[in-house]
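Undergrad: After the structure tokens below, expect a handful of questions from me.
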Amino acid sequence: MDDPLVSIVLVTRNAGSALAQTLEAIGRQRVDFAYEIVAVDSGSTDGTPALLERAACQVVRIEPEMFNHGVTRNLAIARGRGPLVVLLVQDAVPASDDWLATLVAPLRANERVAGAFCRQQPHPDATTLTRHYLDQWVATSPAPRTAGLGSARELDGLDPAARLQLCAFDNVCSCIRRSVWERIPFPATPIAEDLEWARAVLLAGYQLQYVPDAVVLHSHERSARYEFSRTCVLHARLAELFGLRTIPTIGALARAVAGCLRLHLACERLAVRSGAPRAGLGRAVALAVAWPLGQFLGGRAGTRRRRSLRFDRV
């Protein structure tokens, strides 16, 4: 095989049928360059490594307890050869056969671009509630954007929410430049390695681009317990990285739960009227508590620099 321009990095664990769809979509890509696939699997028991090997991937196996969102990705990137690295989660399915070419184009065109990330759209069976929340993230916007900083002082002058918006980056599907990663690898962190890396490369003088014409299908229907855990850890990191506390007080928490409850019930009513998939009344109510409570407790822990929170799922 020719030396690859791109190393596609997959981090996997018990990926199931979603991985087969992802690999098939990668195989359909129309590109004018060579690419390789490197995977790090953390203890799958469902045949995921065998599926990866049949797809001609390089597979590195680690124990589940060794998984870390930053360190594990660094391990996979180090095994690759391409000067450009595409990071993709196991259940993000490229939506077209020009996804890869479109995603890497900004980095091929401009040496100042350290990374690019793509647009996410929900799977066809996503519930109305999931679609609503996914629409709030910058990685669902149809508008392209380029982020850059003139100085560290410019970042410090922004309010916390604007800092997060500027440093938005998403390793659900992204492309990074290996030479920049060699200077600024991903940090060892329980979550949000992409946001922390984005902040670091912007402060180093590089640019980041959002490429909405490169699209993956990606959405989840997770339990309230899972979402509470993930939200706690994420919002602890957002407080540490950007000083952001979305729900800072008990009063704000009560208002947020009430507002979420009204919203979730409205989403359920809309799903019934339209015939769209429903979250289910019990799950909708549980999530109306789990998400605000996770934001409140996580933000408080991050402000107090409590390092006991962790989240080690792929």
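Following the order of the structure tokens, chains are lettered A, B, ..., residues in each are numbered from 1, and ligands are numbered from 1.
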Got a sec to tell me which of range 157-192 of chain A DSSP assigns to strand (DSSP E), as a VMD selection string?

TA: chain A and resid 173 to 177

Undergrad: Just C-alpha atoms for this one: save the residues we selected as a PDB file, in the first residue's frame.

TA:
ATOM      1  CA  CYS A 173     -15.632  12.849  13.928  1.00  0.00           C
ATOM      2  CA  SER A 174     -12.654  15.119  13.435  1.00  0.00           C
ATOM      3  CA  CYS A 175      -9.413  15.468  11.513  1.00  0.00           C
ATOM      4  CA  ILE A 176      -6.182  16.683  13.104  1.00  0.00           C
ATOM      5  CA  ARG A 177      -2.698  17.393  11.791  1.00  0.00           C
TER       6      ARG A 177
END

Undergrad: Considering only C-alpha atoms, return as JSON, numbers by chain whatever protein or nucleic-acid residues lie within 10 Å of Asn171 in chain A, sequence-local ones (same chain, fewer than 6 positions apart) excluded.

TA: {"A": [69, 73, 86, 87, 88, 89, 116, 117, 118, 192, 193, 194, 195]}

Undergrad: Please save C-alpha atoms of the selected residues as a CSV table (one decimal), in the first residue's frame.

TA:
chain,number,residue,atom,x,y,z
A,69,HIS,CA,-10.3,9.4,26.3
A,73,ARG,CA,-6.5,8.2,21.3
A,86,VAL,CA,-9.2,11.3,11.3
A,87,LEU,CA,-10.7,10.5,14.7
A,88,LEU,CA,-14.0,8.6,14.5
A,89,VAL,CA,-16.2,6.9,17.2
A,116,ALA,CA,-11.5,20.2,11.5
A,117,PHE,CA,-14.7,18.5,12.7
A,118,CYS,CA,-17.8,17.5,10.9
A,192,ALA,CA,-13.6,16.4,26.8
A,193,GLU,CA,-10.1,15.7,25.5
A,194,ASP,CA,-11.2,17.4,22.3
A,195,LEU,CA,-12.2,20.6,23.9

Undergrad: Restricting the calculation to only C-alpha atoms: of A:Ala25, A:Leu203, A:Asp170, A:Pro248, which residue gets closest to Arg153 in chain A?

TA: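 Answer, going by the shortest atom-to-atom distance: A:Leu203.
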
Undergrad: Choose the residue, out of A:Ala288, A:Ala279, A:Leu244, A:Ala55, that has the smallest atom-to-atom separation from Cys260 in chain A; count only C-alpha atoms.

TA: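 For Cys260 in chain A, the nearest of the given residues is A:Ala288.
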
Undergrad: Could you make a table, as CSV, of the residues of range 210-282 of chain A that have an atom within 12 Å of an atom of range 135-148 of chain A, each with its nearest atom pair and distance in Å to one decimal, counting only C-alpha atoms, in chain and number order?

TA:
residue,atom,partner,partner_atom,distance
A:Tyr210,CA,A:Arg145,CA,5.3
A:Val211,CA,A:Pro144,CA,5.6
A:Pro212,CA,A:Pro142,CA,5.5
A:Asp213,CA,A:Pro142,CA,7.9
A:Ala214,CA,A:Pro142,CA,10.4
A:Val215,CA,A:Thr140,CA,9.1
A:Val216,CA,A:Thr140,CA,10.1
A:Leu217,CA,A:Thr140,CA,10.6
A:His218,CA,A:Thr140,CA,10.5
A:Ser219,CA,A:Asp135,CA,11.0

Undergrad: Fewer than 3 positions away in the same chain doesn't count, so skip those; otherwise give me all residues within 10 Å of Gly294 in chain A, counting only C-alpha atoms, as JSON, numbers by chain.

TA: {"A": [227, 228, 229, 230, 231, 232, 233, 234, 235, 236, 247, 253, 289, 290, 291, 297, 298, 299, 300]}

Undergrad: Could you please take those selected residues and save C-alpha atoms as a PDB file, in the first residue's frame?

TA:
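Contents of result10.pdb, as written:
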ATOM      1  CA  GLU A 227     -26.569  10.467  31.130  1.00  0.00           C
ATOM      2  CA  PHE A 228     -26.354  11.662  34.729  1.00  0.00           C
ATOM      3  CA  SER A 229     -22.869  10.168  35.138  1.00  0.00           C
ATOM      4  CA  ARG A 230     -21.626  11.545  31.833  1.00  0.00           C
ATOM      5  CA  THR A 231     -23.109  14.998  32.450  1.00  0.00           C
ATOM      6  CA  CYS A 232     -21.501  15.235  35.906  1.00  0.00           C
ATOM      7  CA  VAL A 233     -18.038  14.513  34.553  1.00  0.00           C
ATOM      8  CA  LEU A 234     -18.453  16.700  31.473  1.00  0.00           C
ATOM      9  CA  HIS A 235     -19.607  19.740  33.418  1.00  0.00           C
ATOM     10  CA  ALA A 236     -16.809  19.322  35.936  1.00  0.00           C
ATOM     11  CA  ILE A 247     -26.626  25.725  36.703  1.00  0.00           C
ATOM     12  CA  LEU A 253     -31.475  23.790  39.455  1.00  0.00           C
ATOM     13  CA  VAL A 289     -33.891  15.446  36.408  1.00  0.00           C
ATOM     14  CA  ALA A 290     -30.654  13.700  35.374  1.00  0.00           C
ATOM     15  CA  TRP A 291     -29.337  16.332  32.987  1.00  0.00           C
ATOM     16  CA  LEU A 297     -23.165  18.717  40.678  1.00  0.00           C
ATOM     17  CA  GLY A 298     -20.503  18.504  37.973  1.00  0.00           C
ATOM     18  CA  GLY A 299     -20.076  22.264  37.746  1.00  0.00           C
ATOM     19  CA  ARG A 300     -19.765  22.503  41.524  1.00  0.00           C
TER      20      ARG A 300
END

Undergrad: Neighbouring residues of Gly150 in chain A were defined as those with any atom within 10 Å, considering only C-alpha atoms; residues of the same chain fewer than 4 positions away were excluded. Please report them as number ranges by chain.

TA: A: 154-155, 202-206

Undergrad: Could you tell me how far CA of Pro83 in chain A lies from CA of Thr22 in chain A, in Å and to one decimal?

TA: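 Computing the Euclidean distance for CA of Pro83 in chain A and CA of Thr22 in chain A yields 22.3 Å.
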
Undergrad: Tell me which of A:Ala168, A:Leu75, A:Leu287, A:Leu52 sits closest to Val257 in chain A, counting only C-alpha atoms.

TA: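 Closest residue, counting only C-alpha atoms: A:Leu287.
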
Undergrad: Might you pull out every residue within 6 Å of range 263-273 of chain A, with only C-alpha atoms counted and same-chain residues fewer than 6 positions away left off, and present them as a ChimeraX atom specification?

TA: /A:128-129,284

Undergrad: Save out the residues we just selected, C-alpha atoms, as a PDB file, in the first residue's frame.

TA:
ATOM      1  CA  THR A 128     -37.869  13.570  19.139  1.00  0.00           C
ATOM      2  CA  LEU A 129     -36.195  14.340  22.474  1.00  0.00           C
ATOM      3  CA  ALA A 284     -38.340  11.551  29.546  1.00  0.00           C
TER       4      ALA A 284
END
